[in-house]
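Undergrad: Below is the file work_18.txt, which contains compact mmCIF, C-alpha atoms.
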```txt
# COMPACT_ATOMS: atom_id res chain seq x y z
CA MET A 1 -1.28 7.07 31.83
CA SER A 2 -3.94 9.40 30.46
CA VAL A 3 -1.68 12.40 31.10
CA VAL A 4 1.00 10.85 28.89
CA PHE A 5 -1.64 10.04 26.29
CA GLY A 6 -2.97 13.58 26.31
CA LEU A 7 0.49 15.10 25.96
CA ALA A 8 1.56 12.74 23.17
CA ALA A 9 -1.77 13.12 21.37
CA VAL A 10 -1.55 16.93 21.43
CA ILE A 11 2.06 16.82 20.17
CA ALA A 12 1.12 14.36 17.41
CA PHE A 13 -1.82 16.55 16.39
CA MET A 14 0.25 19.74 16.34
CA GLY A 15 2.94 17.93 14.34
CA ALA A 16 0.34 16.78 11.80
CA LEU A 17 -0.99 20.33 11.48
CA GLY A 18 2.56 21.65 11.09
CA VAL A 19 3.24 19.30 8.16
CA VAL A 20 0.33 20.76 6.21
CA LEU A 21 0.50 24.41 7.30
CA SER A 22 4.25 25.12 7.22
CA GLN A 23 5.34 27.38 4.40
CA ARG A 24 8.86 25.98 4.21
CA THR A 25 9.40 22.33 3.29
CA ILE A 26 12.06 21.75 5.95
CA TYR A 27 9.64 22.89 8.69
CA SER A 28 7.11 20.37 7.38
CA ALA A 29 9.76 17.66 7.66
CA MET A 30 10.62 18.66 11.24
CA SER A 31 6.91 18.65 12.17
CA LEU A 32 6.64 15.16 10.72
CA VAL A 33 9.56 14.01 12.91
CA LEU A 34 7.75 15.46 15.95
CA ASN A 35 4.56 13.64 14.93
CA MET A 36 6.40 10.33 14.51
CA VAL A 37 8.18 10.53 17.87
CA ALA A 38 4.86 11.30 19.57
CA LEU A 39 3.34 8.30 17.77
CA ALA A 40 6.16 6.10 19.10
CA VAL A 41 5.17 7.18 22.62
CA LEU A 42 1.56 6.24 21.84
CA PHE A 43 2.72 2.81 20.59
CA LEU A 44 4.54 2.31 23.90
CA LEU A 45 1.28 3.13 25.71
CA LEU A 46 -0.44 0.47 23.57
CA ASP A 47 2.05 -2.24 24.70
CA ALA A 48 3.66 -2.34 21.24
CA GLN A 49 7.30 -1.82 22.19
CA PHE A 50 8.72 -3.34 19.01
CA ILE A 51 6.56 -1.19 16.73
CA ALA A 52 7.62 1.88 18.72
CA ALA A 53 11.31 1.02 18.22
CA VAL A 54 10.78 0.36 14.50
CA GLN A 55 8.88 3.63 14.23
CA ILE A 56 11.86 5.55 15.63
CA ILE A 57 14.51 3.66 13.64
CA VAL A 58 12.80 3.36 10.26
CA TYR A 59 10.57 6.45 10.16
CA ALA A 60 12.25 9.11 12.30
CA GLY A 61 15.64 7.70 11.31
CA ALA A 62 15.85 6.38 7.77
CA VAL A 63 12.80 7.84 6.02
CA MET A 64 13.14 11.36 7.44
CA VAL A 65 16.89 11.46 6.71
CA LEU A 66 16.00 10.62 3.11
CA PHE A 67 13.40 13.41 3.07
CA VAL A 68 15.85 15.96 4.51
CA PHE A 69 18.52 14.88 2.00
CA ILE A 70 16.12 15.44 -0.90
CA ILE A 71 14.99 18.81 0.51
CA ALA A 72 18.62 19.89 0.88
CA LEU A 73 19.41 18.63 -2.62
CA LEU A 74 16.49 20.28 -4.40
CA SER A 75 16.08 23.27 -1.99
CA PRO A 76 12.50 24.03 -3.07
CA GLY A 77 12.36 27.01 -0.68
CA ALA A 78 9.12 28.66 0.28
CA GLU A 79 6.05 27.70 -1.64
CA GLU A 80 4.80 30.76 -3.45
CA ARG A 81 1.33 31.86 -2.45
CA LEU A 82 -1.31 31.86 -5.10
CA ARG A 83 -4.37 34.03 -4.72
CA SER A 84 -6.59 31.03 -4.01
CA VAL A 85 -4.43 29.46 -1.28
CA GLU A 86 -6.57 30.78 1.60
CA LEU A 87 -9.67 29.36 -0.04
CA ARG A 88 -7.88 26.04 -0.49
CA LEU A 89 -6.82 25.94 3.15
CA LEU A 90 -10.32 26.84 4.31
CA LEU A 91 -11.91 24.15 2.16
CA GLY A 92 -9.23 21.66 3.26
CA GLY A 93 -9.84 22.48 6.92
CA VAL A 94 -13.61 22.11 6.61
CA GLY A 95 -13.15 18.84 4.73
CA ALA A 96 -10.69 17.51 7.34
CA VAL A 97 -13.05 18.27 10.24
CA ALA A 98 -16.01 16.68 8.43
CA PHE A 99 -13.91 13.64 7.52
CA THR A 100 -12.71 13.23 11.12
CA LEU A 101 -16.28 13.33 12.40
CA LEU A 102 -17.35 10.82 9.75
CA ILE A 103 -14.54 8.33 10.45
CA GLY A 104 -14.92 8.79 14.20
CA ARG A 105 -18.65 8.16 13.99
CA LEU A 106 -18.20 5.08 11.82
CA THR A 107 -15.37 3.47 13.84
CA LEU A 108 -16.92 4.15 17.22
CA ASN A 109 -20.38 3.12 16.08
CA GLY A 110 -21.43 0.04 17.97
CA ILE A 111 -18.17 -0.27 19.90
CA THR A 112 -18.55 -0.23 23.63
CA VAL A 113 -15.65 -0.67 26.03
CA GLY A 114 -16.36 -2.68 29.12
CA ALA A 115 -14.38 -3.08 32.31
CA HIS A 116 -10.61 -3.75 32.24
CA GLY A 117 -10.25 -2.20 28.79
CA ARG A 118 -11.97 -5.08 27.02
CA LEU A 119 -14.03 -4.67 23.92
CA HIS A 120 -17.23 -6.63 23.90
CA GLY A 121 -17.10 -9.72 21.74
CA ALA A 122 -14.53 -12.47 21.38
CA LEU A 123 -11.01 -11.59 22.48
CA GLY A 124 -7.88 -13.14 21.06
CA PRO A 125 -5.29 -15.01 23.14
CA PHE A 126 -2.73 -12.17 23.10
CA SER A 127 -3.69 -10.21 26.19
CA PRO A 128 -0.99 -7.78 27.39
CA VAL A 129 -0.29 -9.99 30.39
CA ALA A 130 0.17 -13.13 28.26
CA VAL A 131 2.29 -11.27 25.69
CA ASN A 132 4.56 -9.77 28.33
CA ALA A 133 4.99 -13.14 30.00
CA HIS A 134 6.25 -14.64 26.72
CA GLY A 135 8.08 -11.50 25.63
CA GLN A 136 6.61 -8.90 23.29
CA VAL A 137 9.19 -9.21 20.50
CA GLN A 138 9.19 -13.02 20.75
CA THR A 139 5.42 -13.15 20.35
CA LEU A 140 5.50 -10.80 17.36
CA GLY A 141 8.35 -12.78 15.78
CA ASP A 142 6.55 -16.10 16.30
CA GLN A 143 3.46 -14.73 14.59
CA LEU A 144 5.44 -13.10 11.79
CA PHE A 145 7.31 -16.29 10.88
CA THR A 146 4.39 -18.71 11.21
CA THR A 147 0.89 -17.32 10.67
CA TYR A 148 1.92 -14.29 8.63
CA LEU A 149 4.87 -15.80 6.72
CA LEU A 150 3.40 -15.13 3.27
CA PRO A 151 2.80 -11.36 3.79
CA PHE A 152 6.29 -11.15 5.30
CA GLU A 153 7.90 -12.77 2.24
CA VAL A 154 5.85 -10.63 -0.15
CA THR A 155 7.11 -7.57 1.75
CA SER A 156 10.70 -8.64 1.13
CA LEU A 157 9.91 -8.92 -2.59
CA LEU A 158 8.37 -5.42 -2.48
CA LEU A 159 11.50 -3.98 -0.86
CA LEU A 160 13.65 -5.60 -3.56
CA VAL A 161 11.46 -4.13 -6.33
CA ALA A 162 11.57 -0.70 -4.66
CA ALA A 163 15.38 -0.78 -4.41
CA VAL A 164 15.76 -1.78 -8.07
CA GLY A 165 13.18 0.82 -9.11
CA ALA A 166 14.92 3.62 -7.19
CA VAL A 167 18.27 2.76 -8.77
CA TYR A 168 16.69 2.64 -12.23
CA LEU A 169 14.84 5.95 -11.81
CA SER A 170 17.74 7.92 -10.38
CA ARG A 171 20.56 6.86 -12.72
CA ARG A 172 21.77 9.18 -15.47
CA ARG A 173 19.71 9.12 -18.68
CA ARG A 174 22.61 9.47 -21.13
CA GLN A 175 22.91 5.73 -21.79
CA LEU A 176 19.36 5.63 -23.13
CA ALA A 177 19.99 7.86 -26.13
CA MET B 1 -6.85 2.59 30.20
CA SER B 2 -10.14 1.47 28.69
CA GLY B 3 -11.35 5.03 28.42
CA LEU B 4 -8.51 5.87 26.05
CA PHE B 5 -9.71 3.56 23.26
CA PRO B 6 -11.92 6.19 21.53
CA GLY B 7 -9.16 8.75 22.06
CA PHE B 8 -6.64 6.72 20.07
CA LEU B 9 -9.15 6.17 17.26
CA ILE B 10 -10.19 9.82 17.09
CA LEU B 11 -6.55 10.94 17.00
CA SER B 12 -5.99 8.44 14.19
CA ALA B 13 -8.99 9.76 12.27
CA ALA B 14 -7.89 13.37 12.77
CA MET B 15 -4.36 12.62 11.55
CA PHE B 16 -5.73 10.81 8.50
CA ALA B 17 -8.04 13.73 7.69
CA ILE B 18 -5.22 16.27 8.07
CA GLY B 19 -3.01 14.15 5.80
CA ALA B 20 -5.76 13.79 3.19
CA ALA B 21 -6.45 17.54 3.27
CA GLY B 22 -2.72 18.19 2.86
CA VAL B 23 -2.52 15.92 -0.19
CA LEU B 24 -5.35 17.90 -1.76
CA VAL B 25 -4.25 21.39 -0.71
CA ARG B 26 -0.46 21.46 -1.04
CA ARG B 27 1.31 21.74 -4.40
CA ASN B 28 4.88 20.82 -3.42
CA PRO B 29 5.31 17.09 -4.22
CA ILE B 30 7.70 16.55 -1.28
CA VAL B 31 5.09 17.91 1.17
CA VAL B 32 2.43 15.77 -0.51
CA PHE B 33 4.61 12.71 0.13
CA MET B 34 4.97 13.71 3.78
CA CYS B 35 1.17 13.96 4.01
CA ILE B 36 0.89 10.44 2.59
CA GLU B 37 3.31 9.30 5.32
CA LEU B 38 1.02 10.99 7.82
CA MET B 39 -1.96 9.02 6.53
CA LEU B 40 -0.03 5.73 6.66
CA ASN B 41 1.04 6.56 10.22
CA SER B 42 -2.54 7.18 11.29
CA ALA B 43 -3.53 3.81 9.81
CA ASN B 44 -0.73 2.23 11.85
CA LEU B 45 -2.07 3.87 15.00
CA ALA B 46 -5.55 2.46 14.34
CA LEU B 47 -4.13 -1.02 13.61
CA VAL B 48 -2.09 -1.12 16.82
CA THR B 49 -5.01 0.27 18.84
CA TYR B 50 -7.36 -2.46 17.64
CA ALA B 51 -4.64 -5.10 18.18
CA ARG B 52 -4.22 -3.95 21.78
CA TYR B 53 -7.92 -3.80 22.63
CA THR B 54 -9.00 -7.02 20.89
CA HIS B 55 -6.00 -8.95 22.29
CA THR B 56 -4.78 -10.01 18.86
CA MET B 57 -1.39 -9.75 17.15
CA ALA B 58 -2.47 -9.21 13.54
CA GLY B 59 -2.61 -5.43 13.90
CA GLN B 60 1.00 -5.17 15.03
CA VAL B 61 2.21 -7.52 12.28
CA PHE B 62 0.46 -5.47 9.62
CA ALA B 63 1.67 -2.19 11.15
CA LEU B 64 5.18 -3.56 10.60
CA ILE B 65 4.32 -4.39 6.98
CA VAL B 66 2.77 -0.93 6.45
CA ILE B 67 6.05 0.63 7.68
CA ALA B 68 7.97 -1.44 5.10
CA VAL B 69 5.52 -0.43 2.35
CA ALA B 70 5.82 3.24 3.36
CA ALA B 71 9.62 3.06 3.25
CA SER B 72 9.67 1.58 -0.26
CA GLU B 73 7.02 4.07 -1.42
CA VAL B 74 9.16 6.98 -0.19
CA VAL B 75 12.27 5.62 -1.92
CA VAL B 76 10.55 5.31 -5.31
CA GLY B 77 8.62 8.58 -4.90
CA LEU B 78 11.67 10.66 -4.05
CA ALA B 79 13.55 9.09 -6.98
CA LEU B 80 10.68 10.22 -9.22
CA ILE B 81 10.80 13.75 -7.73
CA THR B 82 14.55 14.03 -8.36
CA GLY B 83 13.92 12.81 -11.91
CA VAL B 84 11.30 15.52 -12.47
CA TYR B 85 13.63 18.14 -10.96
CA ARG B 86 16.52 17.01 -13.17
CA SER B 87 14.39 17.34 -16.30
CA GLY B 88 14.23 21.08 -15.57
CA ARG B 89 10.59 21.36 -14.49
CA ARG B 90 9.48 23.31 -11.45
CA LEU B 91 8.40 21.20 -8.48
CA ASP B 92 4.75 22.20 -8.56
CA LEU B 93 2.06 19.58 -8.91
CA ASP B 94 -0.32 21.99 -10.64
CA GLU B 95 2.18 22.51 -13.43
CA LEU B 96 3.04 18.82 -13.92
CA SER B 97 0.11 18.07 -16.19
CA GLU B 98 1.71 16.73 -19.38
CA MET B 99 0.20 13.30 -18.93
CA SER B 100 -3.35 14.62 -18.74
CA GLU B 101 -3.11 16.50 -22.02
```
What is this file in structure tokens?
TA:
Amino acid sequence: MSVVFGLAAVIAFMGALGVVLSQRTIYSAMSLVLNMVALAVLFLLLDAQFIAAVQIIVYAGAVMVLFVFIIALLSPGAEERLRSVELRLLLGGVGAVAFTLLIGRLTLNGITVGAHGRLHGALGPFSPVAVNAHGQVQTLGDQLFTTYLLPFEVTSLLLLVAAVGAVYLSRRRRQLA
Amino acid sequence: MSGLFPGFLILSAAMFAIGAAGVLVRRNPIVVFMCIELMLNSANLALVTYARYTHTMAGQVFALIVIAVAASEVVVGLALITGVYRSGRRLDLDELSEMSE
């Protein structure tokens, strides 16, 4: 289990670094695909099978295809190097390390993990055993359509607005004048 | 399994920090969008991790919603980028400063 976690974590980390450090845009996109597939493996480790499947289908499938289409369409090529780019990368790296330490310190502060992977404090009813007995997707669907119905419906409205907005933004401008 | 809980959170924090640094450092708007995706992904990882270790479902539900939000954000953002490209400007965030002047 921890071997798989270590492997997937290293791949996800290298993918994240590749997105930022690649000179060519298409290499950044490929690194992001690598990162997302590794994240899907991590979701499987966390007993979130449905999220892992959605991650592959929506992110590594739909979103990245859109990115690659736009890169092929606009062909931005290599980003030209300015004289201050090394300074930028150095400052960005220092900032990223400091930020990681800060977030890590804050999230792990006061959290202790006891036996059987339980956090101290009140636990919800959805233990992995109970969820798997009922079915992971069934449990998620039950929650989505009962307790979290309002966020779900608002999300559908958001997707509608995004679709209309994309069509409006990408149509030809001639009709306006 | 319990020992991995800090590992997931630290990986999530590192990915978020790398994404944030990329947003600040890179000048190509497409790469900046990919870095924003990276940050949203790291938030998803943290949500699912907490959902798993507190035995709740809310984290997974909201990870699903974050994925939907990220998809719509990419659609609108890339439409904006193609619009900028079509207006004849170079795709460089440092040069797109008309609105600040």
Undergrad: Determine, counting all atoms listed in the file, which protein, DNA and RNA residues have an atom within 12 Å of an atom of A:Val63; residues of the same chain fewer than 6 positions away are not included. Present the result as number ranges by chain.
TA: A: 29, 32-33, 36, 54-57, 69-70; B: 33-34, 37, 67-78
Undergrad: So that I have them on file, write out the residues from the current selection with C-alpha atoms, as a PDB file, in the coordinates of the input.
TA:
```
ATOM      1  CA  ALA A  29       9.760  17.660   7.660  1.00  0.00           C
ATOM      2  CA  LEU A  32       6.640  15.160  10.720  1.00  0.00           C
ATOM      3  CA  VAL A  33       9.560  14.010  12.910  1.00  0.00           C
ATOM      4  CA  MET A  36       6.400  10.330  14.510  1.00  0.00           C
ATOM      5  CA  VAL A  54      10.780   0.360  14.500  1.00  0.00           C
ATOM      6  CA  GLN A  55       8.880   3.630  14.230  1.00  0.00           C
ATOM      7  CA  ILE A  56      11.860   5.550  15.630  1.00  0.00           C
ATOM      8  CA  ILE A  57      14.510   3.660  13.640  1.00  0.00           C
ATOM      9  CA  PHE A  69      18.520  14.880   2.000  1.00  0.00           C
ATOM     10  CA  ILE A  70      16.120  15.440  -0.900  1.00  0.00           C
TER      11      ILE A  70
ATOM     12  CA  PHE B  33       4.610  12.710   0.130  1.00  0.00           C
ATOM     13  CA  MET B  34       4.970  13.710   3.780  1.00  0.00           C
ATOM     14  CA  GLU B  37       3.310   9.300   5.320  1.00  0.00           C
ATOM     15  CA  ILE B  67       6.050   0.630   7.680  1.00  0.00           C
ATOM     16  CA  ALA B  68       7.970  -1.440   5.100  1.00  0.00           C
ATOM     17  CA  VAL B  69       5.520  -0.430   2.350  1.00  0.00           C
ATOM     18  CA  ALA B  70       5.820   3.240   3.360  1.00  0.00           C
ATOM     19  CA  ALA B  71       9.620   3.060   3.250  1.00  0.00           C
ATOM     20  CA  SER B  72       9.670   1.580  -0.260  1.00  0.00           C
ATOM     21  CA  GLU B  73       7.020   4.070  -1.420  1.00  0.00           C
ATOM     22  CA  VAL B  74       9.160   6.980  -0.190  1.00  0.00           C
ATOM     23  CA  VAL B  75      12.270   5.620  -1.920  1.00  0.00           C
ATOM     24  CA  VAL B  76      10.550   5.310  -5.310  1.00  0.00           C
ATOM     25  CA  GLY B  77       8.620   8.580  -4.900  1.00  0.00           C
ATOM     26  CA  LEU B  78      11.670  10.660  -4.050  1.00  0.00           C
TER      27      LEU B  78
END
```
Undergrad: From (-3.3, -13.1, 26.5), in the file's coordinates, out to 12 Å: which residues are reached, counting only C-alpha atoms? Answer as a compact mmCIF listing (two decimals) with C-alpha atoms, in the coordinates of the input.
TA:
```
# COMPACT_ATOMS: atom_id res chain seq x y z
CA ARG A 118 -11.97 -5.08 27.02
CA LEU A 123 -11.01 -11.59 22.48
CA GLY A 124 -7.88 -13.14 21.06
CA PRO A 125 -5.29 -15.01 23.14
CA PHE A 126 -2.73 -12.17 23.10
CA SER A 127 -3.69 -10.21 26.19
CA PRO A 128 -0.99 -7.78 27.39
CA VAL A 129 -0.29 -9.99 30.39
CA ALA A 130 0.17 -13.13 28.26
CA VAL A 131 2.29 -11.27 25.69
CA ASN A 132 4.56 -9.77 28.33
CA ALA A 133 4.99 -13.14 30.00
CA HIS A 134 6.25 -14.64 26.72
CA GLY A 135 8.08 -11.50 25.63
CA GLN A 136 6.61 -8.90 23.29
CA THR A 139 5.42 -13.15 20.35
CA ALA B 51 -4.64 -5.10 18.18
CA ARG B 52 -4.22 -3.95 21.78
CA TYR B 53 -7.92 -3.80 22.63
CA THR B 54 -9.00 -7.02 20.89
CA HIS B 55 -6.00 -8.95 22.29
CA THR B 56 -4.78 -10.01 18.86
CA MET B 57 -1.39 -9.75 17.15
```
Undergrad: Looking at all atoms listed in the file, which of B:Val66, B:Ala46, B:Ala17, B:Ala58 is the one that sits closest to chain A?
TA: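 The shortest atom-to-atom distance to chain A comes from B:Ala17.
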Undergrad: Which is closest to A:Leu39 among A:Thr25, A:Ala9, A:Ala166, A:Val19, if we use all atoms listed in the file?
TA: A:Ala9
Undergrad: What gap, in Å, lies between atom CA of A:Pro151 and atom CA of B:Leu64?
TA: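 Separating atom CA of A:Pro151 from atom CA of B:Leu64 is a distance of 10.6 Å.
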Undergrad: Give the answer as one residue: which of A:Ala38, A:Ala48, A:Ile103, A:Ile26 has the shortest atom-to-atom distance to A:Leu73, using only C-alpha atoms?
TA: A:Ile26
Undergrad: Using all atoms listed in the file, which protein or nucleic acid residues come within 12 Å of B:Val31? Drop anything in the same chain fewer than 3 positions from it, and give the result as JSON, numbers by chain.
TA: {"A": [16, 18, 19, 20, 21, 22, 23, 24, 25, 26, 27, 28, 29, 30, 31, 32, 67, 68, 70, 71, 76, 77, 78, 79], "B": [19, 20, 21, 22, 23, 24, 25, 26, 27, 28, 34, 35, 36, 37, 38, 74, 77, 78, 81, 91, 92, 93]}
Undergrad: Between atom CA of B:Ser12 and atom CA of A:Thr100, what is the spacing in Å?
TA: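 Here the two named atoms are 8.8 Å from each other.
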Undergrad: Go through B:Ala14, B:Ser42, B:Phe8, B:Val84 one by one, measure the shortest atom-to-atom distance of each to chain A using only C-alpha atoms, and give the residue with the smallest value.
TA: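 Residue with the minimum atom-to-atom distance to chain A: B:Ala14.
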Undergrad: Point out the residue among A:Tyr168, A:Asp142, A:Phe99, A:Val137 with the least atom-to-atom distance to chain B, counting only C-alpha atoms.
TA: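 Between A:Tyr168, A:Asp142, A:Phe99, A:Val137, the residue approaching chain B most closely is A:Phe99.
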Undergrad: I'd like to know which of A:Leu106, A:Ala8, A:Leu144, A:Ala53 is closest to chain B, using only C-alpha atoms.
TA: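 Looking only at the distances to chain B, the closest residue turns out to be A:Leu144.
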Undergrad: Work out how far atom CA of A:Phe145 is from atom CA of A:Leu159, in Å to one decimal.
TA: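 Those two atoms sit 17.5 Å apart.
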Undergrad: Edge lengths and centre in Å to one decimal, as JSON, of the axis-aligned box that encloses all listed atoms of stretch 55-69 of chain A with 6 Å added on every side?
TA:
```
{"center_x": 13.7, "center_y": 9.7, "center_z": 8.8, "size_x": 21.6, "size_y": 24.6, "size_z": 25.6}
```
Undergrad: Report as a list of chain:residue names all protein, DNA and RNA residues lying within 12 Å of A:Met1, evaluated on all atoms listed in the file, omitting residues in the same chain fewer than 4 positions from it.
TA: A:Phe5, A:Gly6, A:Leu7, A:Ala8, A:Val41, A:Leu42, A:Leu44, A:Leu45, A:Leu46, B:Met1, B:Ser2, B:Gly3, B:Leu4
Undergrad: Name the residues in contact with B:Gly83 at a cut-off of 7 Å, using only C-alpha atoms, excluding same-chain residues fewer than 3 positions from it; report them as a list in words.
TA: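 Those residues are Leu169 and Ser170 of chain A; Ala79, Leu80, Arg86 and Ser87 of chain B.
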Undergrad: Need the shell around B:Asn44: protein/DNA/RNA residues with any atom at most 8 Å away, counting all atoms listed in the file. Skip same-chain ones fewer than 3 positions apart. Format as a ChimeraX atom specification?
TA: /B:40-41,47-48,63,66
